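So this block is run-v8.cif, mmCIF, N, CA and C atoms and all ligand atoms:
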data_model
loop_
_atom_site.label_atom_id
_atom_site.label_comp_id
_atom_site.auth_asym_id
_atom_site.auth_seq_id
_atom_site.Cartn_x
_atom_site.Cartn_y
_atom_site.Cartn_z
N MET A 1 -14.50 0.25 16.71
CA MET A 1 -13.83 -1.02 16.44
C MET A 1 -12.48 -0.78 15.76
N LYS A 2 -11.69 -1.84 15.69
CA LYS A 2 -10.37 -1.72 15.10
C LYS A 2 -10.22 -2.60 13.87
N CYS A 3 -9.42 -2.11 12.96
CA CYS A 3 -9.06 -2.93 11.80
C CYS A 3 -8.29 -4.16 12.28
N ASP A 4 -8.68 -5.33 11.81
CA ASP A 4 -8.03 -6.57 12.25
C ASP A 4 -6.60 -6.69 11.76
N ARG A 5 -6.26 -5.95 10.74
CA ARG A 5 -4.93 -6.11 10.18
C ARG A 5 -3.94 -5.07 10.71
N CYS A 6 -4.30 -3.79 10.64
CA CYS A 6 -3.34 -2.77 11.05
C CYS A 6 -3.67 -2.13 12.38
N GLY A 7 -4.86 -2.40 12.92
CA GLY A 7 -5.20 -1.88 14.23
C GLY A 7 -5.73 -0.46 14.24
N THR A 8 -5.86 0.14 13.07
CA THR A 8 -6.43 1.47 12.99
C THR A 8 -7.88 1.44 13.48
N VAL A 9 -8.24 2.46 14.24
CA VAL A 9 -9.62 2.54 14.69
C VAL A 9 -10.49 3.01 13.51
N VAL A 10 -11.51 2.23 13.21
CA VAL A 10 -12.41 2.60 12.12
C VAL A 10 -13.85 2.65 12.64
N GLU A 11 -14.61 3.53 12.06
CA GLU A 11 -16.04 3.59 12.39
C GLU A 11 -16.69 2.30 11.90
N PRO A 12 -17.64 1.77 12.66
CA PRO A 12 -18.27 0.50 12.26
C PRO A 12 -18.80 0.55 10.84
N GLU A 13 -19.35 1.69 10.42
CA GLU A 13 -19.91 1.74 9.07
C GLU A 13 -18.83 1.81 8.00
N GLU A 14 -17.58 2.10 8.42
CA GLU A 14 -16.51 2.16 7.43
C GLU A 14 -15.69 0.88 7.36
N ALA A 15 -15.90 0.00 8.32
CA ALA A 15 -15.16 -1.24 8.32
C ALA A 15 -15.65 -2.15 7.20
N MET A 16 -14.72 -2.84 6.56
CA MET A 16 -15.08 -3.72 5.45
C MET A 16 -14.83 -5.17 5.87
N ALA A 17 -15.80 -6.01 5.61
CA ALA A 17 -15.61 -7.42 5.92
C ALA A 17 -14.80 -8.07 4.81
N HIS A 18 -13.78 -8.78 5.22
CA HIS A 18 -12.97 -9.54 4.25
C HIS A 18 -12.74 -10.90 4.86
N GLY A 19 -13.48 -11.88 4.37
CA GLY A 19 -13.44 -13.19 5.02
C GLY A 19 -13.92 -13.04 6.45
N SER A 20 -13.13 -13.49 7.39
CA SER A 20 -13.53 -13.42 8.80
C SER A 20 -13.02 -12.14 9.45
N GLN A 21 -12.33 -11.30 8.69
CA GLN A 21 -11.73 -10.11 9.27
C GLN A 21 -12.55 -8.86 8.96
N ASN A 22 -12.43 -7.88 9.84
CA ASN A 22 -12.97 -6.56 9.55
C ASN A 22 -11.78 -5.64 9.31
N LEU A 23 -11.74 -5.07 8.13
CA LEU A 23 -10.56 -4.29 7.73
C LEU A 23 -10.93 -2.84 7.44
N CYS A 24 -9.93 -1.97 7.60
CA CYS A 24 -10.10 -0.59 7.16
C CYS A 24 -9.99 -0.58 5.63
N GLU A 25 -10.31 0.54 5.04
CA GLU A 25 -10.33 0.60 3.59
C GLU A 25 -8.96 0.28 2.98
N ASP A 26 -7.91 0.83 3.59
CA ASP A 26 -6.55 0.61 3.07
C ASP A 26 -6.17 -0.86 3.07
N CYS A 27 -6.46 -1.52 4.20
CA CYS A 27 -6.09 -2.93 4.30
C CYS A 27 -6.94 -3.78 3.37
N LEU A 28 -8.17 -3.38 3.16
CA LEU A 28 -9.02 -4.14 2.26
C LEU A 28 -8.44 -4.08 0.85
N MET A 29 -8.03 -2.88 0.43
CA MET A 29 -7.46 -2.73 -0.91
C MET A 29 -6.21 -3.57 -1.03
N ASP A 30 -5.43 -3.56 0.06
CA ASP A 30 -4.23 -4.38 0.12
C ASP A 30 -4.57 -5.86 -0.04
N ALA A 31 -5.57 -6.29 0.71
CA ALA A 31 -5.94 -7.70 0.72
C ALA A 31 -6.52 -8.14 -0.61
N MET A 32 -7.19 -7.21 -1.29
CA MET A 32 -7.85 -7.58 -2.54
C MET A 32 -6.92 -7.46 -3.75
N SER A 33 -5.81 -6.76 -3.59
CA SER A 33 -4.94 -6.52 -4.73
C SER A 33 -4.41 -7.83 -5.29
N PRO A 34 -4.67 -8.11 -6.55
CA PRO A 34 -4.20 -9.37 -7.13
C PRO A 34 -2.69 -9.39 -7.27
N ALA A 35 -2.08 -8.22 -7.29
CA ALA A 35 -0.64 -8.16 -7.50
C ALA A 35 0.13 -8.35 -6.21
N GLN A 36 -0.58 -8.38 -5.11
CA GLN A 36 0.10 -8.40 -3.83
C GLN A 36 1.10 -9.54 -3.69
N GLY A 37 2.30 -9.20 -3.33
CA GLY A 37 3.29 -10.20 -2.99
C GLY A 37 4.02 -10.83 -4.17
N CYS A 38 3.48 -10.71 -5.37
CA CYS A 38 4.15 -11.38 -6.48
C CYS A 38 4.73 -10.41 -7.48
N ASP A 39 4.30 -9.16 -7.44
CA ASP A 39 4.80 -8.21 -8.43
C ASP A 39 4.98 -6.83 -7.80
N PRO A 40 6.13 -6.61 -7.20
CA PRO A 40 6.35 -5.33 -6.50
C PRO A 40 6.20 -4.13 -7.41
N TRP A 41 6.52 -4.31 -8.70
CA TRP A 41 6.41 -3.17 -9.60
C TRP A 41 4.95 -2.77 -9.77
N ALA A 42 4.07 -3.76 -9.93
CA ALA A 42 2.65 -3.46 -10.09
C ALA A 42 2.11 -2.82 -8.82
N VAL A 43 2.60 -3.29 -7.68
CA VAL A 43 2.16 -2.70 -6.41
C VAL A 43 2.60 -1.25 -6.33
N LYS A 44 3.82 -1.00 -6.73
CA LYS A 44 4.31 0.38 -6.72
C LYS A 44 3.47 1.26 -7.62
N LEU A 45 3.15 0.73 -8.80
CA LEU A 45 2.32 1.49 -9.72
C LEU A 45 0.96 1.76 -9.10
N ALA A 46 0.42 0.72 -8.47
CA ALA A 46 -0.92 0.83 -7.91
C ALA A 46 -0.96 1.86 -6.79
N THR A 47 0.10 1.95 -6.01
CA THR A 47 0.10 2.88 -4.89
C THR A 47 0.56 4.27 -5.30
N GLY A 48 1.01 4.40 -6.54
CA GLY A 48 1.44 5.71 -7.00
C GLY A 48 2.85 6.07 -6.60
N ALA A 49 3.53 5.17 -5.91
CA ALA A 49 4.89 5.48 -5.45
C ALA A 49 5.84 5.70 -6.62
N ALA A 50 5.64 4.92 -7.66
CA ALA A 50 6.56 5.00 -8.79
C ALA A 50 6.46 6.35 -9.49
N THR A 51 5.25 6.88 -9.57
CA THR A 51 5.10 8.14 -10.27
C THR A 51 5.49 9.33 -9.38
N SER A 52 5.27 9.19 -8.08
CA SER A 52 5.60 10.33 -7.22
C SER A 52 7.10 10.41 -6.95
N ALA A 53 7.72 9.27 -6.70
CA ALA A 53 9.16 9.30 -6.44
C ALA A 53 9.92 9.15 -7.76
N GLY A 54 9.78 7.98 -8.37
CA GLY A 54 10.36 7.76 -9.69
C GLY A 54 11.87 7.82 -9.71
N GLY A 55 12.43 7.63 -10.90
CA GLY A 55 13.87 7.78 -11.07
C GLY A 55 14.66 6.61 -10.54
N GLU A 56 15.95 6.70 -10.72
CA GLU A 56 16.79 5.57 -10.40
C GLU A 56 16.88 5.31 -8.91
N GLY A 57 16.53 6.29 -8.08
CA GLY A 57 16.55 6.09 -6.63
C GLY A 57 15.60 5.00 -6.18
N GLU A 58 14.60 4.72 -7.01
CA GLU A 58 13.59 3.72 -6.68
C GLU A 58 14.03 2.30 -7.04
N LEU A 59 15.11 2.18 -7.77
CA LEU A 59 15.50 0.86 -8.26
C LEU A 59 16.02 -0.02 -7.14
N LYS A 60 15.74 -1.31 -7.29
CA LYS A 60 16.26 -2.27 -6.33
C LYS A 60 16.71 -3.52 -7.07
N GLY A 61 17.49 -4.29 -6.38
CA GLY A 61 17.83 -5.63 -6.84
C GLY A 61 18.35 -5.67 -8.27
N LEU A 62 17.75 -6.55 -9.04
CA LEU A 62 18.20 -6.80 -10.40
C LEU A 62 18.14 -5.54 -11.27
N GLU A 63 17.04 -4.80 -11.15
CA GLU A 63 16.90 -3.59 -11.97
C GLU A 63 18.05 -2.62 -11.71
N LYS A 64 18.35 -2.44 -10.43
CA LYS A 64 19.43 -1.54 -10.05
C LYS A 64 20.76 -2.05 -10.57
N ALA A 65 20.98 -3.37 -10.42
CA ALA A 65 22.24 -3.96 -10.86
C ALA A 65 22.44 -3.77 -12.36
N ILE A 66 21.37 -3.97 -13.12
CA ILE A 66 21.48 -3.81 -14.58
C ILE A 66 21.75 -2.35 -14.93
N PHE A 67 21.02 -1.47 -14.29
CA PHE A 67 21.18 -0.05 -14.59
C PHE A 67 22.61 0.43 -14.27
N GLU A 68 23.11 0.01 -13.11
CA GLU A 68 24.47 0.41 -12.71
C GLU A 68 25.50 -0.12 -13.72
N ARG A 69 25.24 -1.35 -14.17
CA ARG A 69 26.17 -1.97 -15.11
C ARG A 69 26.20 -1.20 -16.43
N VAL A 70 25.04 -0.80 -16.91
CA VAL A 70 24.98 -0.07 -18.18
C VAL A 70 25.60 1.32 -18.01
N LYS A 71 25.38 1.93 -16.87
CA LYS A 71 26.00 3.24 -16.63
C LYS A 71 27.51 3.14 -16.71
N LYS A 72 28.04 2.03 -16.17
CA LYS A 72 29.49 1.84 -16.12
C LYS A 72 30.05 1.44 -17.49
N ASP A 73 29.36 0.47 -18.13
CA ASP A 73 29.92 -0.10 -19.36
C ASP A 73 29.39 0.56 -20.65
N VAL A 74 28.44 1.46 -20.51
CA VAL A 74 27.83 2.17 -21.64
C VAL A 74 26.93 1.28 -22.48
N ARG A 75 27.46 0.12 -22.91
CA ARG A 75 26.64 -0.83 -23.66
C ARG A 75 26.73 -2.20 -23.00
N VAL A 76 25.59 -2.85 -22.83
CA VAL A 76 25.57 -4.21 -22.31
C VAL A 76 24.67 -5.02 -23.22
N SER A 77 25.18 -6.13 -23.69
CA SER A 77 24.39 -6.98 -24.57
C SER A 77 23.14 -7.47 -23.85
N ARG A 78 21.99 -7.26 -24.46
CA ARG A 78 20.74 -7.65 -23.81
C ARG A 78 20.66 -9.16 -23.62
N GLU A 79 21.16 -9.90 -24.58
CA GLU A 79 21.11 -11.36 -24.48
C GLU A 79 21.99 -11.88 -23.35
N ALA A 80 22.98 -11.09 -22.95
CA ALA A 80 23.92 -11.56 -21.94
C ALA A 80 23.42 -11.31 -20.52
N VAL A 81 22.34 -10.57 -20.38
CA VAL A 81 21.87 -10.17 -19.05
C VAL A 81 21.61 -11.35 -18.12
N PRO A 82 20.88 -12.40 -18.57
CA PRO A 82 20.62 -13.52 -17.65
C PRO A 82 21.91 -14.14 -17.12
N ALA A 83 22.89 -14.33 -18.00
CA ALA A 83 24.14 -14.93 -17.57
C ALA A 83 24.94 -13.98 -16.68
N LEU A 84 24.97 -12.71 -17.05
CA LEU A 84 25.74 -11.73 -16.29
C LEU A 84 25.25 -11.62 -14.85
N PHE A 85 23.94 -11.67 -14.68
CA PHE A 85 23.38 -11.43 -13.35
C PHE A 85 22.85 -12.70 -12.69
N GLY A 86 23.03 -13.84 -13.37
CA GLY A 86 22.62 -15.10 -12.77
C GLY A 86 21.12 -15.22 -12.55
N VAL A 87 20.34 -14.74 -13.53
CA VAL A 87 18.89 -14.85 -13.40
C VAL A 87 18.32 -15.58 -14.61
N ARG A 88 17.06 -16.00 -14.51
CA ARG A 88 16.43 -16.65 -15.64
C ARG A 88 15.99 -15.59 -16.64
N PRO A 89 15.93 -15.94 -17.93
CA PRO A 89 15.56 -14.96 -18.95
C PRO A 89 14.24 -14.21 -18.67
N PRO A 90 13.20 -14.88 -18.14
CA PRO A 90 11.97 -14.10 -17.88
C PRO A 90 12.18 -13.00 -16.83
N GLU A 91 13.03 -13.29 -15.84
CA GLU A 91 13.31 -12.28 -14.82
C GLU A 91 14.04 -11.09 -15.43
N ALA A 92 15.00 -11.42 -16.29
CA ALA A 92 15.77 -10.37 -16.95
C ALA A 92 14.84 -9.52 -17.81
N LYS A 93 13.95 -10.20 -18.51
CA LYS A 93 13.03 -9.50 -19.40
C LYS A 93 12.14 -8.54 -18.62
N ARG A 94 11.69 -9.02 -17.46
CA ARG A 94 10.80 -8.21 -16.65
C ARG A 94 11.53 -6.98 -16.09
N ALA A 95 12.76 -7.21 -15.63
CA ALA A 95 13.55 -6.09 -15.10
C ALA A 95 13.79 -5.05 -16.19
N LEU A 96 14.05 -5.54 -17.40
CA LEU A 96 14.31 -4.62 -18.50
C LEU A 96 13.05 -3.85 -18.87
N ALA A 97 11.92 -4.51 -18.77
CA ALA A 97 10.66 -3.83 -19.06
C ALA A 97 10.44 -2.68 -18.07
N VAL A 98 10.79 -2.95 -16.80
CA VAL A 98 10.66 -1.91 -15.78
C VAL A 98 11.58 -0.73 -16.10
N LEU A 99 12.82 -1.06 -16.43
CA LEU A 99 13.79 0.00 -16.71
C LEU A 99 13.38 0.83 -17.93
N ARG A 100 12.79 0.13 -18.90
CA ARG A 100 12.36 0.86 -20.09
C ARG A 100 11.16 1.73 -19.75
N HIS A 101 10.27 1.16 -18.96
CA HIS A 101 9.08 1.90 -18.53
C HIS A 101 9.47 3.16 -17.77
N MET A 102 10.51 3.07 -16.98
CA MET A 102 10.96 4.22 -16.19
C MET A 102 11.83 5.16 -17.03
N GLU A 103 12.02 4.80 -18.29
CA GLU A 103 12.83 5.60 -19.21
C GLU A 103 14.25 5.77 -18.70
N LEU A 104 14.79 4.65 -18.23
CA LEU A 104 16.19 4.66 -17.78
C LEU A 104 17.09 3.97 -18.80
N LEU A 105 16.58 2.87 -19.37
CA LEU A 105 17.36 2.14 -20.37
C LEU A 105 16.51 1.89 -21.61
N ARG A 106 17.20 1.70 -22.72
CA ARG A 106 16.49 1.26 -23.91
C ARG A 106 17.39 0.29 -24.67
N SER A 107 16.82 -0.38 -25.63
CA SER A 107 17.60 -1.30 -26.45
C SER A 107 18.08 -0.60 -27.70
N ASP A 108 19.28 -0.92 -28.08
CA ASP A 108 19.84 -0.35 -29.30
C ASP A 108 20.25 -1.52 -30.20
N ARG A 109 19.65 -1.61 -31.36
CA ARG A 109 19.93 -2.73 -32.28
C ARG A 109 21.37 -2.74 -32.71
N ARG A 110 21.93 -3.93 -32.72
CA ARG A 110 23.27 -4.08 -33.26
C ARG A 110 23.18 -4.60 -34.69
N GLU A 111 24.28 -4.46 -35.40
CA GLU A 111 24.27 -4.90 -36.80
C GLU A 111 24.11 -6.41 -36.91
N ASP A 112 24.52 -7.14 -35.87
CA ASP A 112 24.41 -8.60 -35.94
C ASP A 112 22.99 -9.09 -35.62
N GLY A 113 22.06 -8.16 -35.41
CA GLY A 113 20.68 -8.56 -35.15
C GLY A 113 20.32 -8.63 -33.68
N GLY A 114 21.31 -8.62 -32.82
CA GLY A 114 21.05 -8.59 -31.38
C GLY A 114 20.78 -7.17 -30.93
N ALA A 115 20.76 -6.97 -29.62
CA ALA A 115 20.52 -5.63 -29.12
C ALA A 115 21.37 -5.37 -27.89
N ASP A 116 21.82 -4.14 -27.77
CA ASP A 116 22.54 -3.70 -26.58
C ASP A 116 21.62 -2.82 -25.75
N LEU A 117 21.86 -2.86 -24.44
CA LEU A 117 21.17 -1.94 -23.56
C LEU A 117 22.02 -0.68 -23.44
N VAL A 118 21.37 0.45 -23.57
CA VAL A 118 22.08 1.72 -23.42
C VAL A 118 21.21 2.62 -22.52
N LEU A 119 21.81 3.66 -22.00
CA LEU A 119 21.04 4.61 -21.20
C LEU A 119 19.97 5.25 -22.07
N PHE A 120 18.83 5.47 -21.50
CA PHE A 120 17.69 5.95 -22.28
C PHE A 120 17.99 7.26 -22.99
N GLY A 121 18.74 8.12 -22.35
CA GLY A 121 18.96 9.45 -22.91
C GLY A 121 19.99 9.50 -24.02
N THR A 122 20.72 8.42 -24.25
CA THR A 122 21.78 8.48 -25.25
C THR A 122 21.22 8.34 -26.66
N GLY A 123 21.88 8.97 -27.59
CA GLY A 123 21.36 9.02 -28.97
C GLY A 123 21.49 7.69 -29.69
N ARG A 124 20.68 7.51 -30.70
CA ARG A 124 20.75 6.30 -31.50
C ARG A 124 21.98 6.36 -32.37
N SER A 125 22.59 5.18 -32.56
CA SER A 125 23.79 5.17 -33.38
C SER A 125 23.44 4.76 -34.79
ZN ZN B 201 -6.18 -1.50 8.34
#
Kindly transcribe the structure held in the file into structure tokens.
Amino acid sequence: MKCDRCGTVVEPEEAMAHGSQNLCEDCLMDAMSPAQGCDPWAVKLATGAATSAGGEGELKGLEKAIFERVKKDVRVSREAVPALFGVRPPEAKRALAVLRHMELLRSDRREDGGADLVLFGTGRS
């Protein structure tokens, strides 16, 4: 028999029922993943892509834009990110969490109580 989703030939005893479909193991995991479609970062983590590839080459969209900006400007005010990139604060926060998790950027406290984004490897001032 064949997997209903990807068409891979699977042994009947290895096929998994998911609703009305018979799926191979990979597609079943895909179908069951709660992160599917709403959180690409979690999906990347789940598939191991982030750990195997890693680094700035993996960045896309907002994360990449922020990282490139900090590389160019050295310091970027964290509070200014939503306005700079035209995103809502939660999106900015999430992108920054990813960048911090990947050890690409970190926050550096300013004397005025705010924080600047700096490259992860740069020393504390
Ligand atoms: Zn499949």
**Request:** In Å, rounded to a single decimal, give me how far atom CA of Ala95 of chain A is from atom N of Arg75 of chain A.
**Result:**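 Between these atoms lies a distance of 17.1 Å.
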**Item:** Contacts to ligand ZN 201 (chain B) at 8 Å cut-off (all atoms listed in the file) as a PyMOL selection string
**Value:** chain A and resi 2-9+22-28
Selected residues, N, CA and C atoms, written as a compact mmCIF listing (two decimals), in the coordinates of the input, please.
# COMPACT_ATOMS: atom_id res chain seq x y z
N LYS A 2 -11.69 -1.84 15.69
CA LYS A 2 -10.37 -1.72 15.10
C LYS A 2 -10.22 -2.60 13.87
N CYS A 3 -9.42 -2.11 12.96
CA CYS A 3 -9.06 -2.93 11.80
C CYS A 3 -8.29 -4.16 12.28
N ASP A 4 -8.68 -5.33 11.81
CA ASP A 4 -8.03 -6.57 12.25
C ASP A 4 -6.60 -6.69 11.76
N ARG A 5 -6.26 -5.95 10.74
CA ARG A 5 -4.93 -6.11 10.18
C ARG A 5 -3.94 -5.07 10.71
N CYS A 6 -4.30 -3.79 10.64
CA CYS A 6 -3.34 -2.77 11.05
C CYS A 6 -3.67 -2.13 12.38
N GLY A 7 -4.86 -2.40 12.92
CA GLY A 7 -5.20 -1.88 14.23
C GLY A 7 -5.73 -0.46 14.24
N THR A 8 -5.86 0.14 13.07
CA THR A 8 -6.43 1.47 12.99
C THR A 8 -7.88 1.44 13.48
N VAL A 9 -8.24 2.46 14.24
CA VAL A 9 -9.62 2.54 14.69
C VAL A 9 -10.49 3.01 13.51
N ASN A 22 -12.43 -7.88 9.84
CA ASN A 22 -12.97 -6.56 9.55
C ASN A 22 -11.78 -5.64 9.31
N LEU A 23 -11.74 -5.07 8.13
CA LEU A 23 -10.56 -4.29 7.73
C LEU A 23 -10.93 -2.84 7.44
N CYS A 24 -9.93 -1.97 7.60
CA CYS A 24 -10.10 -0.59 7.16
C CYS A 24 -9.99 -0.58 5.63
N GLU A 25 -10.31 0.54 5.04
CA GLU A 25 -10.33 0.60 3.59
C GLU A 25 -8.96 0.28 2.98
N ASP A 26 -7.91 0.83 3.59
CA ASP A 26 -6.55 0.61 3.07
C ASP A 26 -6.17 -0.86 3.07
N CYS A 27 -6.46 -1.52 4.20
CA CYS A 27 -6.09 -2.93 4.30
C CYS A 27 -6.94 -3.78 3.37
N LEU A 28 -8.17 -3.38 3.16
CA LEU A 28 -9.02 -4.14 2.26
C LEU A 28 -8.44 -4.08 0.85
**Message:** As an exercise, work out the distance from atom N of Gly113 of chain A to atom CA of Val87 of chain A in Å and give it to one decimal place.
**Reply:** 23.2 Å
**Prompt:** Hey, what's within 8 Å of Arg78 of chain A if we count only C-alpha atoms and toss same-chain stuff fewer than 4 positions away? As a ChimeraX atom specification, please?
**Reply:** /A:107,114-117
**Item:** Between atom CA of Glu58 of chain A and atom CA of Ala92 of chain A, distance in Å (one decimal)
**Value:**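 We find that atom CA of Glu58 of chain A and atom CA of Ala92 of chain A lie 17.6 Å from each other.
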